[in-house]
Amino acid sequence: MTRRRFSILGLTCTALTLLLAAIWLFPLYWIFVTAFKGETQTIAVPPTLVPAPPDLQAFGYVFQNSPIFRWYLNTVLVGAVVTFCSILFSLMCGYALSRLEFKGKWLIYWALLVGFMLPFGAVAIPLFMLMNKLNLVNSYAGVILPQIATPLSVIVFKRFFDEVPRDFRDAALIDGASDLRILFRIYLPINWSITWALTIVTFIATWNNFFWPFIITNATPMLTIPVGMTTVQSAYGIYFAKTSAIAVLASIPTAAAYILFQKRVTQGVTAAAGLK
Amino acid sequence: MFVIPFVFFYGAFLILPAIQVAYLSLTNSDIAGLGHFVGLSNYIELIHDQDFWASVGHTIYFVVLTVVPNTAVGFLLALLVVRLRRLRLTVLSAFFLPYVLPVSVVTTSALWLLDANFGIVSYLIGSSTAWFADPTWAMPGVAIVTIWWTVGFNMLLFIAGLQNIPVDLYEAAALDGANGTQRFLRITCPLIWPVTSLVLVLQLILQFKIFDQVYLLTLGGPYNSTVVVLLYMYQKAFQQGRGGYAAAVAIALVVIITVVSVLQFRLLRLGKSK
């Protein structure tokens, strides 16, 4: 008897979970199908769940009437440069904190702690003034430079490097290897999976970043997708198919990265939060 | 030296500006360059600035609407997901997917689904509430959208925490005759507490920094009822060109976040020792 009651309870729970998951996905589904509707179909009553027939007009309009390709290029460029530099510098700094002794180490720990508490918004004003002085407003460098230092990655790499047996480095040092070689030939390959995980997570975060690109760019050709799409939306007004189409295009890279590398993203996110 | 590249970027683009913002708050700078030193007058003005205090109030309201609910929903979803077997990864990704999307996609979806005239939600519940133009509903609306967007992150941390609880404990308790409720209250809840307090701390700091969603959903309206502190700072700095005063607003936010975090830290330690 108890067993049977338990399984009914279990089935109800599973059904509830699936229902919730469907509700959670529905807004994304809705944006997706709206993008494939004609404008008149979007506001039809009752709403149609599946676009019949699928209409590519909205996408055509977006391609022709917004610099979406340029924005894609900008976002890919910013994402690639930021991710590469951020991971490389974090690897090196994490290695140094984990394995090297040097003056001022405590200062770095202290600065990292400050960084966690400090809202980025608070430094936006002096940062903007600095970029203004350097003539970097509306430039790639202006968008990229402040995003490169990612303290969380440094901490994660340090923690993972702490787990590597010290003998590895000692043995390599005796063989005459430099620390740079030790890092890239021993420590990096051992921690390949977390490095890859952080790379994907950093790329997604950079692609999605809104606040800083929004502050530092306002010239249409220099915008990244998350900022750019909001500018056309105000221009499109209530054309839902067009705004949905551009939202779908803006989501493809990060959604695809997540779906393809789900395990790695999960690993990266939990590691960055300090959990295993 | 290995630390130089990181330290250079970190110092030049975070630590140094952090020091500068403190100095700026003592000047009457505009947004283009340094102004004159004016002592504490920005802060004196700030204390008497009703709009500033209103923005603090709105921020706290948003924090109240999100921190605990987002943690609780994340925990519930984790409990539901972690008991699945074959479907686990699929369902997990359904809850997590919104989190990997840009904030502007999230707000676009929200504005479309909740549109007063043509939104599917309005159609389904037969209402014509303009969520983000209604003083009562605007902030709760922003909070709901935020939870929908970010709860996957909390859920993920809770799932990691739940998976770290040794299964033996449950088996031993079941052998001793503990029922499901007892096992949940005596094993799951205490052992998940470190994750819970971690999530609460992260949430609190994060939600005080609210800007993007409010800017994109309501622009601070209706009738300024959703102007939060960072948005107020943005308006002062970039729309009214008062860099010095905006810097004082930024410093005030840092102080608020620090004070609240310390308080919360104390409170959570109390909860743990109980």
# chains A, B, ... in the order shown; residues from 1 in each chain; ligands from 1

$ residues_around --residues "range 61-64 of chain B" --least-positions-apart "4" --cutoff "8 Å" --atoms "only C-alpha atoms" --output "PyMOL selection string"
chain B and resi 57+68+139-140+143+204+207-208

$ write_last_selection --atoms "N, CA and C atoms" --output "short mmCIF file (atom, residue, chain, number, x, y, z; two decimals), in the first residue's frame"
data_model
loop_
_atom_site.label_atom_id
_atom_site.label_comp_id
_atom_site.auth_asym_id
_atom_site.auth_seq_id
_atom_site.Cartn_x
_atom_site.Cartn_y
_atom_site.Cartn_z
N GLY B 57 14.45 53.55 -1.50
CA GLY B 57 13.24 52.81 -1.14
C GLY B 57 12.84 51.82 -2.22
N VAL B 68 14.62 36.70 -1.30
CA VAL B 68 14.10 35.47 -0.68
C VAL B 68 13.27 34.63 -1.67
N MET B 139 6.89 47.34 -10.34
CA MET B 139 8.03 46.74 -9.64
C MET B 139 7.86 45.23 -9.45
N PRO B 140 6.68 44.78 -8.99
CA PRO B 140 6.50 43.32 -8.94
C PRO B 140 6.70 42.67 -10.31
N ALA B 143 10.27 42.28 -10.86
CA ALA B 143 10.77 41.21 -9.98
C ALA B 143 10.45 39.84 -10.56
N LEU B 204 21.63 39.02 -2.51
CA LEU B 204 21.47 40.33 -1.89
C LEU B 204 22.37 41.35 -2.58
N GLN B 207 21.10 41.92 -6.31
CA GLN B 207 19.84 42.62 -6.54
C GLN B 207 19.92 44.10 -6.16
N PHE B 208 20.84 44.45 -5.23
CA PHE B 208 21.02 45.87 -4.94
C PHE B 208 21.57 46.62 -6.15
#

$ closest_atom_pairs --of "chain B" --to "chain A" --cutoff "6 Å" --atoms "only C-alpha atoms" --output "Markdown table"
| residue | atom | partner | partner_atom | distance |
| --- | --- | --- | --- | --- |
| B:Phe2 | CA | A:Met92 | CA | 5.2 |
| B:Val3 | CA | A:Cys93 | CA | 4.5 |
| B:Pro5 | CA | A:Phe89 | CA | 6.0 |
| B:Phe6 | CA | A:Phe89 | CA | 5.3 |
| B:Phe9 | CA | A:Ala149 | CA | 5.6 |
| B:Tyr10 | CA | A:Ala149 | CA | 5.2 |
| B:Phe13 | CA | A:Pro146 | CA | 5.2 |
| B:Pro17 | CA | A:Pro126 | CA | 5.3 |
| B:Ala18 | CA | A:Val123 | CA | 5.5 |
| B:Val21 | CA | A:Pro126 | CA | 5.9 |
| B:Ala32 | CA | A:Met129 | CA | 6.0 |
| B:Ala94 | CA | A:Ala21 | CA | 5.8 |
| B:Leu101 | CA | A:Ser251 | CA | 5.8 |
| B:Pro102 | CA | A:Asn208 | CA | 4.3 |
| B:Ser104 | CA | A:Pro226 | CA | 5.6 |
| B:Val105 | CA | A:Ala247 | CA | 5.2 |
| B:Phe118 | CA | A:Ile43 | CA | 5.6 |
| B:Ala250 | CA | A:Ala122 | CA | 4.8 |

$ write_last_selection --atoms "N, CA and C atoms" --output "JSON list (two decimals), in the first residue's frame"
[["chain", "number", "residue", "atom", "x", "y", "z"],
["B", 2, "PHE", "N", 53.89, 36.78, -13.45],
["B", 2, "PHE", "CA", 52.62, 36.20, -13.90],
["B", 2, "PHE", "C", 51.39, 37.03, -13.57],
["B", 3, "VAL", "N", 51.49, 37.81, -12.51],
["B", 3, "VAL", "CA", 50.29, 38.52, -12.08],
["B", 3, "VAL", "C", 50.13, 39.85, -12.80],
["B", 5, "PRO", "N", 49.70, 41.08, -15.97],
["B", 5, "PRO", "CA", 48.58, 41.43, -16.88],
["B", 5, "PRO", "C", 47.25, 41.59, -16.13],
["B", 6, "PHE", "N", 46.95, 40.61, -15.27],
["B", 6, "PHE", "CA", 45.68, 40.71, -14.55],
["B", 6, "PHE", "C", 45.65, 41.94, -13.65],
["B", 9, "PHE", "N", 45.05, 45.23, -15.58],
["B", 9, "PHE", "CA", 43.67, 45.50, -16.01],
["B", 9, "PHE", "C", 42.74, 45.71, -14.82],
["B", 10, "TYR", "N", 42.96, 44.88, -13.79],
["B", 10, "TYR", "CA", 42.12, 44.98, -12.60],
["B", 10, "TYR", "C", 42.33, 46.33, -11.92],
["B", 13, "PHE", "N", 41.20, 49.42, -14.36],
["B", 13, "PHE", "CA", 39.78, 49.56, -14.74],
["B", 13, "PHE", "C", 38.80, 49.20, -13.64],
["B", 17, "PRO", "N", 39.51, 53.37, -10.67],
["B", 17, "PRO", "CA", 38.23, 54.10, -10.76],
["B", 17, "PRO", "C", 37.48, 54.12, -9.43],
["B", 18, "ALA", "N", 37.63, 53.04, -8.65],
["B", 18, "ALA", "CA", 36.94, 53.00, -7.36],
["B", 18, "ALA", "C", 37.47, 54.09, -6.44],
["B", 21, "VAL", "N", 36.25, 57.48, -7.86],
["B", 21, "VAL", "CA", 34.84, 57.82, -7.65],
["B", 21, "VAL", "C", 34.68, 58.45, -6.27],
["B", 32, "ALA", "N", 32.52, 65.21, -18.35],
["B", 32, "ALA", "CA", 33.64, 65.27, -19.28],
["B", 32, "ALA", "C", 34.99, 65.44, -18.58],
["B", 94, "ALA", "N", 15.76, 23.44, -19.22],
["B", 94, "ALA", "CA", 14.58, 24.29, -19.44],
["B", 94, "ALA", "C", 14.54, 25.44, -18.43],
["B", 101, "LEU", "N", 20.56, 33.98, -21.66],
["B", 101, "LEU", "CA", 20.16, 34.93, -22.70],
["B", 101, "LEU", "C", 20.45, 36.36, -22.27],
["B", 102, "PRO", "N", 20.69, 37.25, -23.25],
["B", 102, "PRO", "CA", 20.92, 38.66, -22.91],
["B", 102, "PRO", "C", 19.69, 39.26, -22.24],
["B", 104, "SER", "N", 18.31, 41.99, -22.71],
["B", 104, "SER", "CA", 17.37, 42.65, -23.62],
["B", 104, "SER", "C", 16.42, 41.65, -24.29],
["B", 105, "VAL", "N", 16.88, 40.42, -24.48],
["B", 105, "VAL", "CA", 15.97, 39.40, -25.00],
["B", 105, "VAL", "C", 14.91, 39.07, -23.95],
["B", 118, "PHE", "N", -2.16, 43.08, -26.73],
["B", 118, "PHE", "CA", -1.97, 41.92, -27.59],
["B", 118, "PHE", "C", -1.20, 40.79, -26.92],
["B", 250, "ALA", "N", 26.84, 56.92, -6.07],
["B", 250, "ALA", "CA", 27.51, 55.62, -6.20],
["B", 250, "ALA", "C", 28.14, 55.21, -4.87]]

$ closest_atom_pairs --of "range 64-112 of chain B" --to "range 151-161 of chain B" --cutoff "12 Å" --atoms "only C-alpha atoms" --output "tab-separated table"
residue	atom	partner	partner_atom	distance
B:Thr66	CA	B:Val151	CA	9.9
B:Val67	CA	B:Val151	CA	10.3
B:Val68	CA	B:Asn154	CA	11.2
B:Pro69	CA	B:Val151	CA	9.3
B:Asn70	CA	B:Val151	CA	5.8
B:Thr71	CA	B:Asn154	CA	6.4
B:Ala72	CA	B:Asn154	CA	9.0
B:Val73	CA	B:Val151	CA	7.0
B:Gly74	CA	B:Met155	CA	4.2
B:Phe75	CA	B:Met155	CA	5.9
B:Leu76	CA	B:Met155	CA	8.0
B:Leu77	CA	B:Met155	CA	6.2
B:Ala78	CA	B:Met155	CA	5.0
B:Leu79	CA	B:Ile159	CA	7.5
B:Leu80	CA	B:Ile159	CA	9.7
B:Val81	CA	B:Ile159	CA	7.9
B:Val82	CA	B:Ile159	CA	6.4
B:Arg83	CA	B:Ile159	CA	10.0
B:Leu84	CA	B:Ile159	CA	11.6
B:Arg88	CA	B:Ile159	CA	10.8
B:Leu89	CA	B:Leu156	CA	11.2
B:Val91	CA	B:Gly152	CA	10.8
B:Leu92	CA	B:Gly152	CA	8.0
B:Ser93	CA	B:Gly152	CA	8.4
B:Ala94	CA	B:Gly152	CA	8.7
B:Phe95	CA	B:Gly152	CA	5.3
B:Phe96	CA	B:Gly152	CA	4.2
B:Leu97	CA	B:Gly152	CA	7.6
B:Pro98	CA	B:Gly152	CA	7.7
B:Tyr99	CA	B:Gly152	CA	6.4
B:Val100	CA	B:Gly152	CA	9.4
B:Leu101	CA	B:Gly152	CA	11.7

$ residues_around --residues "Leu114 in chain B" --least-positions-apart "4" --cutoff "9 Å" --atoms "only C-alpha atoms" --output "PDB file with N, CA and C atoms, in the first residue's frame"
ATOM      1  N   SER B 109      10.892  39.649 -24.405  1.00  0.00           N
ATOM      2  CA  SER B 109       9.873  38.610 -24.218  1.00  0.00           C
ATOM      3  C   SER B 109       8.825  39.080 -23.227  1.00  0.00           C
ATOM      4  N   ALA B 110       9.288  39.668 -22.125  1.00  0.00           N
ATOM      5  CA  ALA B 110       8.347  40.092 -21.089  1.00  0.00           C
ATOM      6  C   ALA B 110       7.394  41.155 -21.623  1.00  0.00           C
ATOM      7  N   PHE B 118      -2.164  43.080 -26.733  1.00  0.00           N
ATOM      8  CA  PHE B 118      -1.969  41.919 -27.586  1.00  0.00           C
ATOM      9  C   PHE B 118      -1.197  40.787 -26.924  1.00  0.00           C
ATOM     10  N   GLY B 119      -0.763  41.000 -25.674  1.00  0.00           N
ATOM     11  CA  GLY B 119       0.036  39.981 -24.998  1.00  0.00           C
ATOM     12  C   GLY B 119      -0.786  38.735 -24.701  1.00  0.00           C
ATOM     13  N   ILE B 120      -0.115  37.582 -24.776  1.00  0.00           N
ATOM     14  CA  ILE B 120      -0.846  36.336 -24.578  1.00  0.00           C
ATOM     15  C   ILE B 120      -1.284  36.184 -23.127  1.00  0.00           C
ATOM     16  N   VAL B 121      -0.528  36.728 -22.194  1.00  0.00           N
ATOM     17  CA  VAL B 121      -0.920  36.632 -20.792  1.00  0.00           C
ATOM     18  C   VAL B 121      -2.214  37.403 -20.552  1.00  0.00           C
ATOM     19  N   SER B 122      -2.269  38.612 -21.104  1.00  0.00           N
ATOM     20  CA  SER B 122      -3.496  39.398 -20.960  1.00  0.00           C
ATOM     21  C   SER B 122      -4.677  38.648 -21.562  1.00  0.00           C
ATOM     22  N   THR B 129      -4.317  44.860 -17.877  1.00  0.00           N
ATOM     23  CA  THR B 129      -3.364  45.602 -17.065  1.00  0.00           C
ATOM     24  C   THR B 129      -2.117  45.882 -17.883  1.00  0.00           C
ATOM     25  N   ALA B 130      -1.709  47.146 -17.926  1.00  0.00           N
ATOM     26  CA  ALA B 130      -0.431  47.466 -18.541  1.00  0.00           C
ATOM     27  C   ALA B 130       0.620  47.337 -17.435  1.00  0.00           C
ATOM     28  N   TRP B 131       1.147  46.110 -17.300  1.00  0.00           N
ATOM     29  CA  TRP B 131       2.007  45.786 -16.155  1.00  0.00           C
ATOM     30  C   TRP B 131       3.051  46.836 -15.836  1.00  0.00           C
ATOM     31  N   PHE B 132       3.801  47.222 -16.862  1.00  0.00           N
ATOM     32  CA  PHE B 132       4.956  48.073 -16.589  1.00  0.00           C
ATOM     33  C   PHE B 132       4.600  49.556 -16.635  1.00  0.00           C
TER      34      PHE B 132
END

$ atom_distance --atom1 "CA of Glu101 in chain A" --atom2 "CA of Ile190 in chain A"
21.9 Å

$ atom_distance --atom1 "CA of Tyr232 in chain B" --atom2 "CA of Asp51 in chain B"
8.3 Å

$ residues_around --residues "range 181-186 of chain B" --least-positions-apart "4" --cutoff "10 Å" --atoms "only C-alpha atoms" --output "PyMOL selection string"
chain B and resi 169-171+173-174+177+190-191

$ residues_around --residues "Leu231 in chain B" --least-positions-apart "6" --cutoff "9 Å" --atoms "only C-alpha atoms" --output "list in words"
Ser55, Ile210, Phe211, Asp212, Val214, Tyr215, Leu219 and Gly220 of chain B

$ atom_distance --atom1 "CA of Trp212 in chain A" --atom2 "CA of Val137 in chain A"
11.2 Å

$ residues_around --residues "Ser193 in chain A" --least-positions-apart "2" --cutoff "12 Å" --atoms "only C-alpha atoms" --output "number ranges by chain"
A: 157, 160, 187-191, 195-200, 261, 263-268, 271

$ residues_around --residues "range 266-270 of chain B" --least-positions-apart "5" --cutoff "12 Å" --atoms "only C-alpha atoms" --output "list of chain:residue names"
B:Trp193, B:Pro194, B:Val195, B:Thr196, B:Ser197, B:Leu198, B:Val199, B:Leu200, B:Val201, B:Val259, B:Val260, B:Ser261

$ closest_residue --among "B:Phe265, B:Phe8, B:Tyr123, B:Phe52" --to "Ala246 in chain B" --atoms "only C-alpha atoms"
B:Phe52

$ select_by_dssp --residues "range 99-239 of chain B" --states "alpha helix (DSSP H)" --output "ChimeraX atom specification"
/B:103-113,120-125,138-163,167-175,180-183,189-208,212-217,229-234
